[in-house]
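*Asks:* input-v9.csv is the file, holding CSV, C-alpha atoms:
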chain,number,residue,atom,x,y,z
A,163,MET,CA,24.4,-187.1,-222.0
A,164,ALA,CA,22.4,-183.8,-221.7
A,165,GLU,CA,19.4,-185.4,-223.4
A,166,ARG,CA,19.5,-188.3,-220.9
A,167,ARG,CA,19.7,-185.8,-218.0
A,168,THR,CA,16.7,-183.9,-219.4
A,169,LYS,CA,14.6,-187.0,-219.8
A,170,ALA,CA,15.4,-188.0,-216.2
A,171,MET,CA,14.5,-184.5,-214.9
A,172,ILE,CA,11.2,-184.6,-216.8
A,173,LYS,CA,10.5,-188.0,-215.3
A,174,ILE,CA,11.3,-186.8,-211.7
A,175,VAL,CA,9.1,-183.7,-212.2
A,176,GLY,CA,6.3,-185.8,-213.6
A,177,ILE,CA,6.4,-188.1,-210.6
A,178,GLY,CA,6.5,-185.1,-208.2
A,179,ILE,CA,3.4,-183.6,-209.9
A,180,LEU,CA,1.6,-187.0,-209.7
A,181,LEU,CA,2.4,-187.3,-206.0
A,182,LEU,CA,1.2,-183.7,-205.4
A,183,ILE,CA,-2.1,-184.5,-207.1
A,184,ILE,CA,-2.6,-187.6,-205.0
A,185,VAL,CA,-1.8,-185.8,-201.7
A,186,VAL,CA,-4.1,-182.8,-202.5
A,187,GLY,CA,-6.8,-185.2,-203.7
A,188,TYR,CA,-6.6,-187.1,-200.4
A,189,PHE,CA,-7.1,-184.0,-198.3
A,190,VAL,CA,-9.9,-182.6,-200.5
A,191,PHE,CA,-11.9,-185.8,-200.5
A,192,THR,CA,-11.3,-187.1,-197.0
A,193,LYS,CA,-11.3,-183.8,-195.1
A,194,PRO,CA,-13.4,-183.8,-191.9
A,195,ALA,CA,-16.2,-181.3,-191.5
A,196,HIS,CA,-14.9,-177.7,-191.1
A,197,ILE,CA,-15.9,-176.1,-187.9
A,198,ASP,CA,-18.0,-173.5,-189.7
A,199,GLU,CA,-19.9,-176.2,-191.5
A,200,ALA,CA,-20.6,-178.3,-188.5
A,201,ASP,CA,-24.1,-178.8,-187.3
A,202,PHE,CA,-23.5,-181.4,-184.6
A,203,LEU,CA,-20.7,-182.6,-182.2
A,204,LEU,CA,-20.4,-186.3,-181.6
A,205,ILE,CA,-19.1,-186.5,-178.1
A,206,GLY,CA,-18.5,-190.1,-177.0
A,207,ASP,CA,-21.7,-191.8,-178.3
A,208,THR,CA,-23.9,-188.8,-178.0
A,209,THR,CA,-24.7,-186.3,-180.7
A,210,VAL,CA,-25.3,-182.6,-179.7
A,211,ARG,CA,-26.7,-180.0,-182.0
A,212,ILE,CA,-24.3,-177.1,-181.6
A,213,GLU,CA,-24.4,-173.4,-181.9
A,214,LEU,CA,-21.0,-171.7,-182.3
A,215,ALA,CA,-19.6,-168.9,-180.2
A,216,LYS,CA,-16.7,-167.5,-182.3
A,217,THR,CA,-16.8,-163.7,-181.9
A,218,ALA,CA,-15.8,-161.9,-178.7
A,219,GLU,CA,-19.4,-160.7,-178.3
A,220,GLU,CA,-20.8,-164.3,-178.7
A,221,LYS,CA,-18.3,-165.6,-176.2
A,222,THR,CA,-19.0,-162.9,-173.6
A,223,ARG,CA,-22.8,-163.5,-173.9
A,224,GLY,CA,-22.6,-167.3,-173.9
A,225,LEU,CA,-25.9,-168.7,-172.6
A,226,SER,CA,-26.5,-165.7,-170.4
A,227,GLY,CA,-30.1,-164.4,-170.3
A,228,ARG,CA,-31.6,-167.6,-171.8
A,229,GLU,CA,-34.3,-169.5,-169.9
A,230,GLY,CA,-32.6,-172.9,-170.5
A,231,ILE,CA,-31.1,-175.3,-173.0
A,232,SER,CA,-32.4,-178.6,-174.2
A,233,GLU,CA,-30.7,-181.9,-173.6
A,234,GLU,CA,-29.8,-182.2,-177.3
A,235,ASP,CA,-28.3,-178.7,-177.7
A,236,GLY,CA,-25.0,-177.1,-176.8
A,237,LEU,CA,-23.0,-173.9,-177.2
A,238,LEU,CA,-19.5,-174.4,-178.5
A,239,PHE,CA,-16.9,-171.7,-177.8
A,240,VAL,CA,-14.2,-171.8,-180.5
A,241,TYR,CA,-10.7,-170.4,-179.8
A,242,ASP,CA,-7.7,-170.1,-182.1
A,243,THR,CA,-5.1,-171.3,-179.6
A,244,ASP,CA,-4.7,-173.6,-176.7
A,245,ASP,CA,-5.0,-171.8,-173.4
A,246,PHE,CA,-6.8,-171.7,-170.0
A,247,TYR,CA,-10.2,-170.3,-170.7
A,248,TYR,CA,-12.2,-169.0,-167.7
A,249,PHE,CA,-16.0,-169.2,-167.5
A,250,TRP,CA,-18.4,-167.7,-165.0
A,251,MET,CA,-22.2,-167.8,-164.5
A,252,LYS,CA,-22.9,-164.0,-164.9
A,253,ASP,CA,-26.6,-163.5,-165.8
A,254,MET,CA,-27.2,-167.2,-166.0
A,255,LYS,CA,-30.7,-168.5,-165.1
A,256,PHE,CA,-30.0,-172.3,-165.1
A,257,PRO,CA,-27.1,-174.7,-164.2
A,258,ILE,CA,-24.9,-176.2,-166.9
A,259,ASP,CA,-22.0,-178.6,-167.5
A,260,ILE,CA,-18.9,-177.0,-169.0
A,261,ILE,CA,-16.7,-179.3,-171.0
A,262,TRP,CA,-13.2,-178.3,-172.1
A,263,LEU,CA,-11.7,-180.0,-175.2
A,264,ASP,CA,-8.2,-179.9,-176.5
A,265,LYS,CA,-7.1,-179.3,-180.2
A,266,ASP,CA,-7.7,-183.0,-180.9
A,267,TRP,CA,-11.3,-182.8,-179.6
A,268,ARG,CA,-10.5,-184.8,-176.5
A,269,VAL,CA,-12.2,-183.9,-173.3
A,270,VAL,CA,-9.6,-182.5,-170.9
A,271,TYR,CA,-11.8,-181.2,-168.1
A,272,ILE,CA,-15.5,-181.0,-167.0
A,273,ALA,CA,-17.1,-178.7,-164.5
A,274,ASP,CA,-20.5,-180.4,-163.9
A,275,ASN,CA,-23.7,-178.9,-162.5
A,276,VAL,CA,-22.3,-175.3,-162.3
A,277,LEU,CA,-25.0,-173.2,-160.6
A,278,PRO,CA,-25.9,-169.6,-161.4
A,279,GLU,CA,-25.3,-168.8,-157.7
A,280,THR,CA,-21.6,-169.5,-158.2
A,281,TYR,CA,-21.1,-166.1,-159.8
A,282,PRO,CA,-18.6,-164.4,-159.6
A,283,ASN,CA,-16.5,-167.5,-159.2
A,284,THR,CA,-14.7,-168.7,-162.3
A,285,PHE,CA,-14.2,-172.2,-163.7
A,286,VAL,CA,-11.2,-173.3,-165.8
A,287,SER,CA,-9.7,-176.4,-167.1
A,288,LYS,CA,-6.6,-177.9,-165.4
A,289,GLU,CA,-5.1,-178.4,-168.9
A,290,PRO,CA,-5.0,-176.0,-171.9
A,291,ALA,CA,-8.0,-176.3,-174.1
A,292,ARG,CA,-9.0,-175.1,-177.6
A,293,TYR,CA,-12.8,-175.5,-177.4
A,294,VAL,CA,-15.4,-175.3,-174.6
A,295,LEU,CA,-18.8,-176.8,-174.7
A,296,GLU,CA,-21.7,-175.7,-172.5
A,297,VAL,CA,-24.6,-178.2,-172.2
A,298,ALA,CA,-27.5,-178.9,-169.9
A,299,SER,CA,-26.6,-179.7,-166.3
A,300,GLY,CA,-26.0,-183.4,-165.8
A,301,PHE,CA,-25.4,-184.0,-169.5
A,302,SER,CA,-21.9,-185.4,-168.8
A,303,ALA,CA,-23.0,-187.9,-166.2
A,304,ARG,CA,-26.1,-189.0,-168.1
A,305,HIS,CA,-24.1,-189.7,-171.3
A,306,GLY,CA,-20.9,-191.1,-169.7
A,307,ILE,CA,-18.7,-188.2,-170.8
A,308,SER,CA,-15.5,-188.0,-168.9
A,309,VAL,CA,-11.9,-186.8,-169.3
A,310,GLY,CA,-10.4,-188.6,-172.3
A,311,THR,CA,-13.7,-188.9,-174.2
A,312,GLN,CA,-13.2,-188.2,-177.9
A,313,SER,CA,-15.4,-185.9,-180.0
A,314,GLU,CA,-15.7,-185.1,-183.7
A,315,PHE,CA,-17.8,-182.8,-185.9
A,316,VAL,CA,-20.7,-184.1,-187.9
A,317,THR,CA,-22.6,-182.2,-190.6
A,318,SER,CA,-26.1,-182.8,-191.7
A,319,ASN,CA,-24.6,-183.4,-195.2
A,320,GLN,CA,-22.5,-186.5,-194.1
Just give me the structure as structure tokens.

*Replies:*
Amino acid sequence: MAERRTKAMIKIVGIGILLLIIVVGYFVFTKPAHIDEADFLLIGDTTVRIELAKTAEEKTRGLSGREGISEEDGLLFVYDTDDFYYFWMKDMKFPIDIIWLDKDWRVVYIADNVLPETYPNTFVSKEPARYVLEVASGFSARHGISVGTQSEFVTSNQ
């Protein structure tokens, strides 16, 4: 009886280990690009080469002081939690579109053609967001980006 119980236990443990290997393998080999590895953001049908703003200093600076941004580029602000993130145009020299994305990379709000002259006014999403993308003014309209548009990371290695 004890021997039978031991064999059954070994079989159960073996099946558990096999399932664990399958699950871990799935996540290792099918994982999406990690945010630190991402080179591009596919937003709708449009690919944007991204620069990441992750530190407090990078987020404070944003695109301030730059002369402009190309149509193919964007600055992605990365936050750890969903919240209402406020943006302003302090020291900006050109207008931009500001696109808020939720934790699932879905567009939840867009402030389009935000002018430098709007400073010190602030802009914020009507829904909590996890990421914010700054792109050239008019980008959203030119590429059909609207609330609900889905995004995903793409690396140059994919």

*Asks:* Could you please determine the separation between atom CA of Glu213 of chain A and atom CA of Ser299 of chain A in Å, to one decimal place?

*Replies:*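 Going from atom CA of Glu213 of chain A over to atom CA of Ser299 of chain A, I get 17.0 Å.
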
*Asks:* Suppose you want the space between atom CA of Glu220 of chain A and atom CA of Thr311 of chain A; what is it in Å?

*Replies:* 26.0 Å

*Asks:* Select, from A:Glu219, A:Asp201, A:Glu279, A:Asp245, the residue with the minimum atom-to-atom distance to Thr317 of chain A, counting only C-alpha atoms.

*Replies:*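 Looking at the shortest contact to Thr317 of chain A, the residue is A:Asp201.
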
*Asks:* What does the structure give for the distance between atom CA of Thr217 of chain A and atom CA of Ser302 of chain A, in Å to one decimal?

*Replies:*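 Here the two named atoms are 25.9 Å from each other.
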
*Asks:* From (-13.1, -188.8, -175.0), in the file's coordinates, out to 9 Å: which residues are reached, counting all atoms listed in the file? Answer as a PyMOL selection string.

*Replies:* chain A and resi 205-206+263+267-270+307-313

*Asks:* Just want the 12 Å neighbourhood of Arg304 of chain A, counted on all atoms listed in the file, with same-chain residues fewer than 6 positions away dropped. Output as a PDB file with C-alpha atoms, in the frame of the given file.

*Replies:*
ATOM      1  CA  GLY A 206     -18.500-190.100-177.000  1.00  0.00           C
ATOM      2  CA  ASP A 207     -21.700-191.800-178.300  1.00  0.00           C
ATOM      3  CA  THR A 208     -23.900-188.800-178.000  1.00  0.00           C
ATOM      4  CA  GLU A 233     -30.700-181.900-173.600  1.00  0.00           C
ATOM      5  CA  ASP A 259     -22.000-178.600-167.500  1.00  0.00           C
ATOM      6  CA  ASP A 274     -20.500-180.400-163.900  1.00  0.00           C
ATOM      7  CA  ASN A 275     -23.700-178.900-162.500  1.00  0.00           C
ATOM      8  CA  VAL A 297     -24.600-178.200-172.200  1.00  0.00           C
ATOM      9  CA  ALA A 298     -27.500-178.900-169.900  1.00  0.00           C
TER      10      ALA A 298
END

*Asks:* Nearest to Ile212 of chain A: which of A:Ala303, A:Ile272, A:Val294, A:Met171 is it, counting all atoms listed in the file?

*Replies:*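 Of all the options, A:Val294 lies closest to Ile212 of chain A.
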
*Asks:* Using all atoms listed in the file, find the one residue out of A:Val240, A:Met251, A:Ala291, A:Val210 that sits nearest to Arg223 of chain A.

*Replies:*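 Nearest to Arg223 of chain A: A:Met251.
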
*Asks:* Go through A:Thr222, A:Phe256, A:Thr209, A:Gly300 and flag the residue nearest Ala273 of chain A, using only C-alpha atoms for the distances.

*Replies:*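 Under the stated criterion, the closest residue is A:Gly300.
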
*Asks:* For each of A:Ile172, A:Leu295, A:Val276, A:Val316, take the minimum atom-to-atom distance to Leu214 of chain A, counting all atoms listed in the file, then give the residue where this is smallest.

*Replies:*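 Smallest separation from Leu214 of chain A among the options: A:Leu295.
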
*Asks:* Between A:Arg166, A:Lys221, A:His305, A:Lys288, which residue has the minimum interatomic distance to Leu237 of chain A, considering all atoms listed in the file?

*Replies:* A:Lys221
